[in-house]
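Asker: Below is the structure I would like to discuss, written out as structure tokens.
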Amino acid sequence: MNHSQAAPLLRVESLVTTFESHQQTVRAVDGVSLAIHRGETYALLGESGCGKSMTSFSIMRLLPPTGRVSGGRVMFDGEDLMTLSDEKMRRIRGNRIAMIFQEPMTSLNPVVTVGEQIAESVRLHQNLNGAAVKEKVEALLNDVGMADPLQRYGDYPHQLSGGMKQRVMIAIALAGEPELLIADEPTTALDVTIQAQVLALLKKLQQERGMALLLITHDLGVVSEMADTVGVMYAGQLVEEATRAQFFSQAKHPYSQKLFESLPDIEKRDQPLAVIHGAVPSLAASFSGCRFAERCDFSKADCHQHLPRWIDQGGEHGLRCHMVDPAYIDVFKNNAADLAPRQPLASVVKNRADTAPLLAVRDLKVHFQVRKGLFNRNAGKLYAVDGLSLQIKKERTLALVGESGCGKTTVGKAILQLHRATSGEILFEGDDLTQISDAELRFRRNDFQIIFQDPFSSMNPRMKVVDIIREGMVTFGIVGSDAEQLARVDQLLAQVGLPLNMRDRYPHEFSGGQRQRICIARALAVNPKLIICDEPTSALDVSVQAQILNLLKELQQTIGLSYLFITHNLSVVSYLADEVAVMYLGRIVEQGTVDDVLNHPQHPYTQALISAIPAIDKTDGRALIRLEGDLPSPASPPAGCHFHTRCPKAMMQCGERYPKNSNLSNSHRVSCFLYLD
């Protein structure tokens with residue numbers, strides 16, 4: 001994209017945003033400069049806490065009361081937004097510049113219909129009234145790809161799926177026909193199939209309207225799919241900026257390189273993922289050197305003592321690093337030799353086809369009664385899990401993948417007997433957990449544990465870490481005296497890579513990745529044989545995710561754990577899992593080894609899931625298979641094959657009866673009429 005002629009729509013110049021609190025000043029954004037042209041997508045990339053969202057809030061002048069823009073300019077179409085009156089800024093905000101937030105449910109009003117919320121925006125920005133408003137709202141719902149706009153007009157937010165809510169948020173943002181749209185992590189909470197729909201929608205709208213897009217994300221796949229220009233933020237500063245092609249072929253900043261190295265994929269299965277040690281420095285500190293120096297593999301004394309300059313690399317590529325600064329060229333002559341190569345993981349021979357499975361689930365059904373109305377009347381059933389079979393061998397990992405709402409978490413909770421099965425068998429080391437008494441079940445509970453998606457809400461905020469980890473030992477009487485228990489806690493903290501001085505802290509004093517480590521230590525405390533991991537890395541940054549995946553892999557090899565890994569992130573699956581089961585609406589549609597399922601998917605749903613993953617490497621030549629619509633309700637699943645309503649290859653018999661399993665090989669089976677003999 002050649003911008004040399006046109007002036008940028010938005011130019012941010014040396015922006016500084018500070019927060020004053022308790023005798024300290026936090027510089028959340030510290031000297032950021034960037035430019036976005038009409039019709040361009042600028043992706044702002046970086047980990048949590050590096051200042052991406054604060055940059056966007058500063059541009060919109062939506063800072064909390066303690067925050068203020070204390071330096072720099074924000075030029076929008078030739079006007080400095082920082083000098084405008086509040087009234088003038090209100091006219092621009094939502095009208096010429098609009099914003100979509102990360103969590104659609106918290107941004108929508110739960111007691112106002114969706115149509116009315118969009119209508120409010122239309123009245124405000126377009127000066128329309130009466131029937132014209134309704135027409136405009138329907139047109140916007142149509143634009144954002146909502147099926148049946150008339151019906152949706154009267155729906156409330158809780159009646160919509162995550163992807164639909166995000167579409168409503170986009171419709172509200174588009175009501176003012178903005179010239180610049182700021183999208184703050186717009187797909188983080190969505191499944192890959194819905195994410196693909198939302199990204200395609202943003203692209204289409206951008207092309208039709210010539211709108212500029214500032215996309216804030218920590219997902220490299222989304223960046224490669226969407227961006228024209230990439231800016232990488234670290235600790236409040238922009239550390240690298242490049243065109244998409246330059247960034248993905250020759251990112252030069254050590255932080256950018258580390259982000260690529262810490263991405264999980266199938267090629268890296270036999271080695272630990274690269275991790276960025278330590279944490280982002282406090283933005284209340286005053287820096288005398290490079291902010292990344294403490295965590296950088298290449299850092300020298302000069303990096304800690306002198307602030308790096310912004311060095312232009314030519315062709316819209318620049319970075320803030322001494323390694324490319326001519327003044328420091330001699331210092332870094334031998335830096336490649338300084339780097340120790342990463343040690344591959346000791347390869348473990350997992351060829352145990354003959355061993356009996358640790359866990360075998362046979363024809364599991366979990367149905368819930370749906371009750372409605374004042375008198376709690378029975379209004380049918382919800383078929384959350386509807387005839388599912390799987391098995392996990394010792395020291396193996398089975399990944400259970402599928403979209404939100406397909407029943408993955410219910411399967412995990414049913415195995416743990418947190419939900420009672422309606423029918424079917426759950427055999428753990430040969431004992432059917434659905435048939436044993438409560439007393440026997442309590443006695444066995446330490447054999448299987450769970451790690452939840454949100455570590456914070458799964459811990460008691462009033463308990464110290466030492467007590468959280470000890471709780472299971474005390475309950476099961478596993479380790480004797482207090483001193484022995486404390487010694488075991490210290491051992492577990494060391495095992496999950498946390499300093500021992502953290503044991504007397506409370507959960508709120510930790511980062512997301514550290515909290516997840518505490519949850520893993522708590523699960524390990526009772527010496528389990530099987531751990532059910534329910535989306536344990538979905539809320540974490542790439543580099544923190546890499547640390548947790550390395551830890552889970554290492555624990556499997558040293559202690560011999562088995563995992564049921566519930567996720568919708570297929571790159572994590574390719575790195576960690578031995579086998580994959582793909583779930584759709586309560587049933588498994590395809591199951592096999594990682595290679596079978598990810599490299600040779602046979603079921604149309606698996607093919608669509610895999611095609612929807614944003615790919616960094618565009619050379620694999622696969623086309624996106626777009627799934628229409630959302631997952632049907634498990635309260636009224638379609639007749640026949642549950643997937644036939646969205647399947648691009650549906651045939652007559654698909655709507656009549658459910659297909660049996662077909663074995664494609666010893667390890668690979670699929671449930672689809674395309675493969676029935």
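Residue numbering restarts at 1 for every chain of the structure tokens, chains are lettered A, B, ... in their displayed order, and ligands are numbered from 1 as they appear.
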Can you list, as a VMD selection string, every protein, DNA or RNA residue that comes within 10 Å of A:Ile172 when you count only C-alpha atoms, leaving out same-chain residues fewer than 5 positions away?
Answerer: chain A and resid 94 98 to 100 108 114 to 115 117 to 122 137 140 to 141 166 to 167 177
Asker: Those same residues - all heavy atoms - I'd like them written as a CSV table (one decimal), in the first residue's frame.
Answerer:
chain,number,residue,atom,x,y,z
A,94,GLY,N,-18.0,8.0,18.0
A,94,GLY,CA,-19.2,7.2,17.7
A,94,GLY,C,-19.7,7.6,16.3
A,94,GLY,O,-20.4,6.8,15.7
A,98,ALA,N,-15.3,5.2,15.6
A,98,ALA,CA,-16.2,4.2,16.5
A,98,ALA,C,-15.3,3.1,17.0
A,98,ALA,O,-14.1,2.9,16.5
A,98,ALA,CB,-17.3,3.6,15.6
A,99,MET,N,-15.8,2.5,18.1
A,99,MET,CA,-14.9,1.5,18.7
A,99,MET,C,-15.8,0.2,19.0
A,99,MET,O,-16.9,0.3,19.4
A,99,MET,CB,-14.4,2.1,20.0
A,99,MET,CG,-13.3,1.2,20.7
A,99,MET,SD,-12.3,2.2,21.8
A,99,MET,CE,-11.2,1.0,22.4
A,100,ILE,N,-15.2,-0.9,18.9
A,100,ILE,CA,-15.8,-2.2,19.3
A,100,ILE,C,-14.9,-2.8,20.4
A,100,ILE,O,-13.7,-2.8,20.3
A,100,ILE,CB,-15.8,-3.3,18.2
A,100,ILE,CG1,-16.2,-2.7,16.8
A,100,ILE,CG2,-16.7,-4.5,18.5
A,100,ILE,CD1,-15.9,-3.7,15.7
A,108,LEU,N,-23.2,-4.5,25.9
A,108,LEU,CA,-24.6,-4.3,25.5
A,108,LEU,C,-25.5,-4.2,26.7
A,108,LEU,O,-25.2,-4.8,27.8
A,108,LEU,CB,-25.0,-5.6,24.7
A,108,LEU,CG,-24.4,-5.7,23.3
A,108,LEU,CD1,-24.7,-7.1,22.7
A,108,LEU,CD2,-24.9,-4.6,22.3
A,114,VAL,N,-32.0,-5.6,21.1
A,114,VAL,CA,-30.9,-5.4,20.2
A,114,VAL,C,-31.2,-4.3,19.2
A,114,VAL,O,-30.4,-3.4,19.0
A,114,VAL,CB,-30.5,-6.7,19.5
A,114,VAL,CG1,-29.7,-6.5,18.3
A,114,VAL,CG2,-29.8,-7.6,20.5
A,115,GLY,N,-32.4,-4.4,18.6
A,115,GLY,CA,-32.8,-3.4,17.6
A,115,GLY,C,-32.8,-2.0,18.2
A,115,GLY,O,-32.4,-1.0,17.5
A,117,GLN,N,-31.1,-0.8,20.7
A,117,GLN,CA,-29.7,-0.4,21.0
A,117,GLN,C,-29.1,0.2,19.7
A,117,GLN,O,-28.3,1.2,19.8
A,117,GLN,CB,-28.9,-1.5,21.6
A,117,GLN,CG,-29.4,-1.9,23.0
A,117,GLN,CD,-28.5,-2.8,23.7
A,117,GLN,OE1,-27.3,-2.5,23.9
A,117,GLN,NE2,-29.0,-3.9,24.2
A,118,ILE,N,-29.3,-0.5,18.6
A,118,ILE,CA,-28.7,0.0,17.3
A,118,ILE,C,-29.5,1.3,16.9
A,118,ILE,O,-28.9,2.3,16.5
A,118,ILE,CB,-28.8,-1.0,16.2
A,118,ILE,CG1,-28.1,-2.3,16.6
A,118,ILE,CG2,-28.2,-0.5,14.9
A,118,ILE,CD1,-28.3,-3.5,15.7
A,119,ALA,N,-30.8,1.3,17.1
A,119,ALA,CA,-31.7,2.5,16.8
A,119,ALA,C,-31.2,3.7,17.5
A,119,ALA,O,-31.2,4.8,16.9
A,119,ALA,CB,-33.1,2.2,17.1
A,120,GLU,N,-30.8,3.6,18.8
A,120,GLU,CA,-30.4,4.7,19.6
A,120,GLU,C,-29.2,5.4,18.9
A,120,GLU,O,-29.1,6.6,18.8
A,120,GLU,CB,-30.0,4.2,21.0
A,120,GLU,CG,-29.5,5.3,21.9
A,120,GLU,CD,-29.0,4.7,23.2
A,120,GLU,OE1,-28.9,3.4,23.3
A,120,GLU,OE2,-28.7,5.5,24.1
A,121,SER,N,-28.3,4.5,18.4
A,121,SER,CA,-27.1,5.0,17.7
A,121,SER,C,-27.4,5.7,16.4
A,121,SER,O,-26.8,6.7,16.0
A,121,SER,CB,-26.1,3.8,17.5
A,121,SER,OG,-24.8,4.2,17.5
A,122,VAL,N,-28.4,5.1,15.7
A,122,VAL,CA,-28.8,5.7,14.4
A,122,VAL,C,-29.4,7.0,14.6
A,122,VAL,O,-29.1,8.0,13.9
A,122,VAL,CB,-29.8,4.7,13.7
A,122,VAL,CG1,-30.5,5.4,12.5
A,122,VAL,CG2,-29.1,3.4,13.3
A,137,VAL,N,-31.8,0.3,10.7
A,137,VAL,CA,-31.4,-0.7,11.6
A,137,VAL,C,-31.4,-2.1,10.9
A,137,VAL,O,-30.4,-2.9,11.0
A,137,VAL,CB,-32.2,-0.8,12.9
A,137,VAL,CG1,-31.8,-2.0,13.8
A,137,VAL,CG2,-32.0,0.5,13.7
A,140,LEU,N,-28.5,-2.3,8.6
A,140,LEU,CA,-27.3,-2.5,9.3
A,140,LEU,C,-27.1,-4.0,9.7
A,140,LEU,O,-26.1,-4.6,9.6
A,140,LEU,CB,-27.2,-1.6,10.6
A,140,LEU,CG,-26.8,-0.1,10.3
A,140,LEU,CD1,-27.0,0.7,11.5
A,140,LEU,CD2,-25.3,0.0,9.9
A,141,LEU,N,-28.2,-4.5,10.3
A,141,LEU,CA,-28.2,-6.0,10.7
A,141,LEU,C,-27.9,-6.8,9.5
A,141,LEU,O,-27.2,-7.9,9.5
A,141,LEU,CB,-29.5,-6.3,11.3
A,141,LEU,CG,-29.7,-5.9,12.8
A,141,LEU,CD1,-31.2,-6.1,13.3
A,141,LEU,CD2,-28.8,-6.6,13.7
A,166,GLN,N,-21.3,-10.0,18.9
A,166,GLN,CA,-20.2,-9.2,18.3
A,166,GLN,C,-20.7,-8.5,17.0
A,166,GLN,O,-20.3,-7.4,16.8
A,166,GLN,CB,-19.0,-10.1,18.1
A,166,GLN,CG,-17.7,-9.3,17.9
A,166,GLN,CD,-17.3,-8.4,19.1
A,166,GLN,OE1,-18.0,-7.4,19.3
A,166,GLN,NE2,-16.3,-8.8,19.8
A,167,ARG,N,-21.6,-9.2,16.3
A,167,ARG,CA,-22.1,-8.5,15.0
A,167,ARG,C,-23.0,-7.3,15.4
A,167,ARG,O,-23.0,-6.3,14.7
A,167,ARG,CB,-22.9,-9.5,14.3
A,167,ARG,CG,-22.1,-10.5,13.5
A,167,ARG,CD,-22.9,-11.8,13.1
A,167,ARG,NE,-22.0,-12.8,12.7
A,167,ARG,CZ,-21.7,-13.0,11.4
A,167,ARG,NH1,-22.3,-12.3,10.4
A,167,ARG,NH2,-20.9,-13.9,11.0
A,177,GLU,N,-21.5,5.6,10.5
A,177,GLU,CA,-20.7,5.5,9.2
A,177,GLU,C,-19.3,6.1,9.5
A,177,GLU,O,-18.9,7.1,8.9
A,177,GLU,CB,-21.4,6.3,8.1
A,177,GLU,CG,-22.8,5.7,7.8
A,177,GLU,CD,-23.4,6.1,6.5
A,177,GLU,OE1,-22.9,7.1,5.9
A,177,GLU,OE2,-24.4,5.5,6.1
Asker: Kindly provide the residues of stretch 536-602 of chain A that approach stretch 260-267 of chain A to within 12 Å, each paired with its closest atom pair and their distance in Å to one decimal, based on only C-alpha atoms, listed by chain and increasing number, as JSON lines.
Answerer:
{"residue": "A:Thr537", "atom": "CA", "partner": "A:Pro264", "partner_atom": "CA", "distance": 11.7}
{"residue": "A:Asp541", "atom": "CA", "partner": "A:Ser262", "partner_atom": "CA", "distance": 10.1}
{"residue": "A:Val542", "atom": "CA", "partner": "A:Leu263", "partner_atom": "CA", "distance": 6.4}
{"residue": "A:Ser543", "atom": "CA", "partner": "A:Ser262", "partner_atom": "CA", "distance": 5.6}
{"residue": "A:Val544", "atom": "CA", "partner": "A:Ser262", "partner_atom": "CA", "distance": 8.8}
{"residue": "A:Gln545", "atom": "CA", "partner": "A:Ser262", "partner_atom": "CA", "distance": 8.2}
{"residue": "A:Ala546", "atom": "CA", "partner": "A:Ser262", "partner_atom": "CA", "distance": 5.7}
{"residue": "A:Gln547", "atom": "CA", "partner": "A:Ser262", "partner_atom": "CA", "distance": 8.7}
{"residue": "A:Ile548", "atom": "CA", "partner": "A:Ser262", "partner_atom": "CA", "distance": 11.2}
{"residue": "A:Leu549", "atom": "CA", "partner": "A:Pro264", "partner_atom": "CA", "distance": 8.6}
{"residue": "A:Asn550", "atom": "CA", "partner": "A:Pro264", "partner_atom": "CA", "distance": 9.9}
{"residue": "A:Asn569", "atom": "CA", "partner": "A:Pro264", "partner_atom": "CA", "distance": 10.2}
{"residue": "A:Leu570", "atom": "CA", "partner": "A:Asp265", "partner_atom": "CA", "distance": 8.8}
{"residue": "A:Ser571", "atom": "CA", "partner": "A:Asp265", "partner_atom": "CA", "distance": 5.3}
{"residue": "A:Val572", "atom": "CA", "partner": "A:Pro264", "partner_atom": "CA", "distance": 5.7}
{"residue": "A:Val573", "atom": "CA", "partner": "A:Asp265", "partner_atom": "CA", "distance": 8.2}
{"residue": "A:Ser574", "atom": "CA", "partner": "A:Ile266", "partner_atom": "CA", "distance": 4.8}
{"residue": "A:Tyr575", "atom": "CA", "partner": "A:Asp265", "partner_atom": "CA", "distance": 5.0}
{"residue": "A:Leu576", "atom": "CA", "partner": "A:Pro264", "partner_atom": "CA", "distance": 8.4}
{"residue": "A:Ala577", "atom": "CA", "partner": "A:Ile266", "partner_atom": "CA", "distance": 9.7}
{"residue": "A:Asp578", "atom": "CA", "partner": "A:Ile266", "partner_atom": "CA", "distance": 10.9}
{"residue": "A:Val594", "atom": "CA", "partner": "A:Ile266", "partner_atom": "CA", "distance": 8.8}
{"residue": "A:Asp595", "atom": "CA", "partner": "A:Ile266", "partner_atom": "CA", "distance": 8.9}
{"residue": "A:Leu598", "atom": "CA", "partner": "A:Ile266", "partner_atom": "CA", "distance": 9.4}
{"residue": "A:Asn599", "atom": "CA", "partner": "A:Ile266", "partner_atom": "CA", "distance": 10.0}
Asker: I need the strand (DSSP E) residues of stretch 316-438 of chain A per DSSP on the backbone, written as a PyMOL selection string.
Answerer: chain A and resi 317-320+359-372+377-392+397-401+423-428+431-432
Asker: Counting only C-alpha atoms, what is within 6 Å of A:Val589, bar same-chain residues fewer than 5 positions away, as a ChimeraX atom specification?
Answerer: /A:582-583,670-671
Asker: Store the residues picked out above in a file with C-alpha atoms, as a PDB file, in the first residue's frame.
Answerer:
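File produced: selection38.pdb:
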ATOM      1  CA  VAL A 582     -13.819 -33.460  17.285  1.00  0.00           C
ATOM      2  CA  MET A 583     -17.179 -32.780  18.908  1.00  0.00           C
ATOM      3  CA  VAL A 670     -15.439 -40.689  11.319  1.00  0.00           C
ATOM      4  CA  SER A 671     -19.207 -40.439  11.608  1.00  0.00           C
TER       5      SER A 671
END
Asker: Could you list, as an MDAnalysis selection string, every residue within 8 Å of stretch 323-334 of chain A, counting only C-alpha atoms and ignoring same-chain residues fewer than 5 positions away?
Answerer: chainID A and resid 300 309 311
Asker: What does the distance from atom CA of A:Ala635 to atom CA of A:Asp155 come to in Å, to one decimal?
Answerer: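 Rounded to one decimal, the two atoms are 18.6 Å apart.
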Asker: One decimal, in Å: what's the spacing between atom CA of A:Ile616 and atom CA of A:Ser224?
Answerer: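 Computing the Euclidean distance for atom CA of A:Ile616 and atom CA of A:Ser224 yields 5.6 Å.
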Asker: Hey, can you check how far atom CA of A:Gly221 sits from atom CA of A:Glu40?
Answerer: 17.9 Å
Asker: Would you pick out the contacts of stretch 390-392 of chain A at 8 Å or less, using only C-alpha atoms, so that residues sharing its chain but fewer than 4 positions from it are not included, and give the list as a list in words?
Answerer: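 Final neighbour list, sorted by chain and number: Pro357, Leu358, Leu359, Ala360, Val361, Arg362, Arg396, Thr397, Leu398, Ser562, Tyr563, Leu564 and Ala581 of chain A.
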Asker: For all heavy atoms, I'd like the residues from the last selection saved as a CSV table (one decimal), in the first residue's frame.
Answerer:
chain,number,residue,atom,x,y,z
A,357,PRO,N,-6.9,-49.0,28.6
A,357,PRO,CA,-7.1,-47.6,28.8
A,357,PRO,C,-7.2,-47.2,30.2
A,357,PRO,O,-7.8,-48.0,31.0
A,357,PRO,CB,-8.3,-47.2,28.0
A,357,PRO,CG,-9.0,-48.5,27.7
A,357,PRO,CD,-8.0,-49.6,27.8
A,358,LEU,N,-6.7,-46.0,30.6
A,358,LEU,CA,-6.9,-45.5,32.0
A,358,LEU,C,-8.4,-45.1,32.1
A,358,LEU,O,-9.0,-45.4,33.1
A,358,LEU,CB,-6.0,-44.3,32.2
A,358,LEU,CG,-6.1,-43.5,33.5
A,358,LEU,CD1,-5.5,-44.4,34.6
A,358,LEU,CD2,-5.4,-42.2,33.4
A,359,LEU,N,-8.9,-44.5,31.1
A,359,LEU,CA,-10.3,-44.0,31.1
A,359,LEU,C,-11.0,-44.5,29.8
A,359,LEU,O,-10.5,-44.3,28.7
A,359,LEU,CB,-10.3,-42.5,31.2
A,359,LEU,CG,-11.7,-41.8,31.1
A,359,LEU,CD1,-12.4,-41.9,32.4
A,359,LEU,CD2,-11.7,-40.4,30.6
A,360,ALA,N,-12.2,-45.1,30.0
A,360,ALA,CA,-13.0,-45.4,28.8
A,360,ALA,C,-14.4,-44.9,29.0
A,360,ALA,O,-15.0,-45.3,30.0
A,360,ALA,CB,-13.0,-46.9,28.6
A,361,VAL,N,-14.9,-44.1,28.2
A,361,VAL,CA,-16.2,-43.5,28.2
A,361,VAL,C,-17.0,-44.2,27.1
A,361,VAL,O,-16.6,-44.2,26.0
A,361,VAL,CB,-16.2,-42.0,28.1
A,361,VAL,CG1,-17.7,-41.5,28.0
A,361,VAL,CG2,-15.4,-41.3,29.1
A,362,ARG,N,-18.2,-44.8,27.5
A,362,ARG,CA,-19.0,-45.5,26.5
A,362,ARG,C,-20.4,-45.0,26.4
A,362,ARG,O,-21.1,-45.1,27.4
A,362,ARG,CB,-19.0,-47.0,26.8
A,362,ARG,CG,-17.6,-47.7,26.6
A,362,ARG,CD,-17.6,-49.1,26.9
A,362,ARG,NE,-16.2,-49.6,27.0
A,362,ARG,CZ,-15.9,-50.7,27.8
A,362,ARG,NH1,-16.8,-51.3,28.5
A,362,ARG,NH2,-14.6,-51.1,27.8
A,396,ARG,N,-1.0,-40.4,28.0
A,396,ARG,CA,-1.3,-39.8,26.7
A,396,ARG,C,-2.2,-38.6,26.9
A,396,ARG,O,-2.8,-38.4,28.0
A,396,ARG,CB,-2.2,-40.9,25.9
A,396,ARG,CG,-1.5,-42.2,25.7
A,396,ARG,CD,-0.5,-42.3,24.7
A,396,ARG,NE,-1.0,-42.1,23.3
A,396,ARG,CZ,-0.5,-42.6,22.3
A,396,ARG,NH1,0.6,-43.4,22.4
A,396,ARG,NH2,-1.0,-42.4,21.1
A,397,THR,N,-2.3,-37.8,25.9
A,397,THR,CA,-3.2,-36.6,25.9
A,397,THR,C,-4.2,-36.8,24.8
A,397,THR,O,-3.9,-36.9,23.6
A,397,THR,CB,-2.4,-35.3,25.7
A,397,THR,OG1,-1.4,-35.2,26.7
A,397,THR,CG2,-3.3,-34.1,25.7
A,398,LEU,N,-5.5,-36.7,25.2
A,398,LEU,CA,-6.6,-36.7,24.2
A,398,LEU,C,-7.1,-35.2,24.2
A,398,LEU,O,-7.5,-34.7,25.2
A,398,LEU,CB,-7.7,-37.6,24.5
A,398,LEU,CG,-9.0,-37.5,23.7
A,398,LEU,CD1,-8.7,-38.0,22.3
A,398,LEU,CD2,-10.1,-38.3,24.3
A,562,SER,N,-1.9,-38.4,32.6
A,562,SER,CA,-2.8,-38.4,31.4
A,562,SER,C,-3.6,-37.1,31.4
A,562,SER,O,-4.0,-36.7,32.4
A,562,SER,CB,-3.7,-39.6,31.3
A,562,SER,OG,-2.9,-40.8,31.4
A,563,TYR,N,-3.9,-36.6,30.2
A,563,TYR,CA,-4.7,-35.4,30.1
A,563,TYR,C,-5.9,-35.6,29.2
A,563,TYR,O,-5.7,-36.1,28.1
A,563,TYR,CB,-3.9,-34.2,29.5
A,563,TYR,CG,-2.7,-33.8,30.3
A,563,TYR,CD1,-1.4,-33.7,29.7
A,563,TYR,CD2,-2.8,-33.4,31.7
A,563,TYR,CE1,-0.3,-33.3,30.4
A,563,TYR,CE2,-1.7,-33.0,32.4
A,563,TYR,CZ,-0.4,-32.9,31.8
A,563,TYR,OH,0.7,-32.5,32.5
A,564,LEU,N,-7.0,-35.0,29.6
A,564,LEU,CA,-8.1,-34.7,28.6
A,564,LEU,C,-8.1,-33.2,28.4
A,564,LEU,O,-8.3,-32.5,29.4
A,564,LEU,CB,-9.5,-35.2,29.2
A,564,LEU,CG,-10.7,-34.8,28.3
A,564,LEU,CD1,-10.6,-35.4,26.9
A,564,LEU,CD2,-12.0,-35.1,28.9
A,581,ALA,N,-10.3,-35.7,19.4
A,581,ALA,CA,-11.7,-36.0,19.1
A,581,ALA,C,-12.4,-34.7,18.8
A,581,ALA,O,-12.3,-33.8,19.6
A,581,ALA,CB,-12.3,-36.7,20.4
Asker: At a cut-off of 9 Å, using only C-alpha atoms, what residues contact stretch 605-615 of chain A? Leave out same-chain residues fewer than 5 positions from it and give the result as a PyMOL selection string.
Answerer: chain A and resi 192-197+220-225+402-403+569-571+582+584+589-590+597-598+600+620+622-627+643+646-647
Asker: What's the 10 Å shell around A:Ala35, counting only C-alpha atoms, without same-chain residues fewer than 2 positions away, as a PDB file with N, CA and C atoms, in the first residue's frame?
Answerer:
ATOM      1  N   ALA A   7      -2.250  12.223   2.792  1.00  0.00           N
ATOM      2  CA  ALA A   7      -1.988  12.457   4.231  1.00  0.00           C
ATOM      3  C   ALA A   7      -2.745  11.395   5.015  1.00  0.00           C
ATOM      4  N   PRO A   8      -2.172  10.939   6.147  1.00  0.00           N
ATOM      5  CA  PRO A   8      -2.888   9.920   6.922  1.00  0.00           C
ATOM      6  C   PRO A   8      -4.173  10.471   7.529  1.00  0.00           C
ATOM      7  N   LEU A   9      -5.168   9.593   7.692  1.00  0.00           N
ATOM      8  CA  LEU A   9      -6.420   9.978   8.359  1.00  0.00           C
ATOM      9  C   LEU A   9      -6.147  10.249   9.843  1.00  0.00           C
ATOM     10  N   LEU A  10      -5.361   9.364  10.469  1.00  0.00           N
ATOM     11  CA  LEU A  10      -5.031   9.517  11.896  1.00  0.00           C
ATOM     12  C   LEU A  10      -3.509   9.538  12.040  1.00  0.00           C
ATOM     13  N   ARG A  11      -2.997  10.535  12.746  1.00  0.00           N
ATOM     14  CA  ARG A  11      -1.573  10.546  13.046  1.00  0.00           C
ATOM     15  C   ARG A  11      -1.402  10.775  14.543  1.00  0.00           C
ATOM     16  N   VAL A  12      -0.821   9.782  15.215  1.00  0.00           N
ATOM     17  CA  VAL A  12      -0.535   9.901  16.649  1.00  0.00           C
ATOM     18  C   VAL A  12       0.936  10.285  16.770  1.00  0.00           C
ATOM     19  N   GLU A  13       1.215  11.377  17.484  1.00  0.00           N
ATOM     20  CA  GLU A  13       2.596  11.864  17.585  1.00  0.00           C
ATOM     21  C   GLU A  13       3.049  11.887  19.043  1.00  0.00           C
ATOM     22  N   SER A  33       4.080   6.833  18.506  1.00  0.00           N
ATOM     23  CA  SER A  33       3.753   7.544  17.265  1.00  0.00           C
ATOM     24  C   SER A  33       3.351   6.527  16.201  1.00  0.00           C
ATOM     25  N   HIS A  37      -3.841   5.357   7.357  1.00  0.00           N
ATOM     26  CA  HIS A  37      -4.444   5.974   6.178  1.00  0.00           C
ATOM     27  C   HIS A  37      -5.854   5.432   5.956  1.00  0.00           C
ATOM     28  N   GLU A  40      -6.924   1.583   5.350  1.00  0.00           N
ATOM     29  CA  GLU A  40      -5.805   0.744   5.801  1.00  0.00           C
ATOM     30  C   GLU A  40      -6.153   0.036   7.116  1.00  0.00           C
ATOM     31  N   TYR A  42      -4.328  -1.176  10.485  1.00  0.00           N
ATOM     32  CA  TYR A  42      -3.098  -1.103  11.281  1.00  0.00           C
ATOM     33  C   TYR A  42      -3.301  -2.014  12.487  1.00  0.00           C
ATOM     34  N   VAL A  74      -2.844  13.972  18.873  1.00  0.00           N
ATOM     35  CA  VAL A  74      -3.581  12.972  18.091  1.00  0.00           C
ATOM     36  C   VAL A  74      -4.304  13.741  16.991  1.00  0.00           C
ATOM     37  N   MET A  75      -3.734  13.711  15.782  1.00  0.00           N
ATOM     38  CA  MET A  75      -4.301  14.453  14.648  1.00  0.00           C
ATOM     39  C   MET A  75      -5.254  13.540  13.877  1.00  0.00           C
ATOM     40  N   PHE A  76      -6.543  13.944  13.813  1.00  0.00           N
ATOM     41  CA  PHE A  76      -7.534  13.177  13.047  1.00  0.00           C
ATOM     42  C   PHE A  76      -8.050  14.076  11.939  1.00  0.00           C
ATOM     43  N   THR A 229      -0.317  -2.879   7.999  1.00  0.00           N
ATOM     44  CA  THR A 229       0.859  -2.446   8.757  1.00  0.00           C
ATOM     45  C   THR A 229       0.759  -3.028  10.158  1.00  0.00           C
TER      46      THR A 229
END
Asker: Kindly indicate which residue among A:Gln237, A:Asn446, A:Ser56, A:Gln557 lies nearest to A:Glu395, using only C-alpha atoms for the distances.
Answerer: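 Nearest to A:Glu395: A:Gln557.
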Asker: From a DSSP pass on the backbone, collect the residues of stretch 96-270 of chain A flagged as helix (DSSP H, G or I) and hand them back as JSON, numbers by chain.
Answerer: {"A": [104, 105, 106, 107, 114, 115, 116, 117, 118, 119, 120, 121, 122, 123, 124, 125, 126, 131, 132, 133, 134, 135, 136, 137, 138, 139, 140, 141, 142, 143, 149, 150, 151, 152, 153, 157, 158, 159, 162, 163, 164, 165, 166, 167, 168, 169, 170, 171, 172, 173, 174, 192, 193, 194, 195, 196, 197, 198, 199, 200, 201, 202, 203, 204, 205, 206, 207, 208, 209, 220, 221, 222, 223, 224, 225, 226, 244, 245, 246, 247, 248, 249, 250, 254, 255, 256, 257, 258, 259, 260, 261, 266, 267, 268]}
Asker: Between A:Pro281, A:Gly31, A:Gly78, A:Pro536, which one has atoms that come closest to A:Ile566, using only C-alpha atoms?
Answerer: A:Pro536
Asker: Produce a table with one row for each residue of stretch 223-305 of chain A that has an atom at most 12 Å from any atom of stretch 504-515 of chain A, each row naming the nearest atom pair and its distance in Å at one decimal; use only C-alpha atoms; arrange rows by chain and rising residue number; format as a Markdown table.
Answerer:
| residue | atom | partner | partner_atom | distance |
| --- | --- | --- | --- | --- |
| A:Gly278 | CA | A:Gln514 | CA | 11.1 |
| A:Ala279 | CA | A:Ser511 | CA | 9.2 |
| A:Val280 | CA | A:Ser511 | CA | 10.6 |
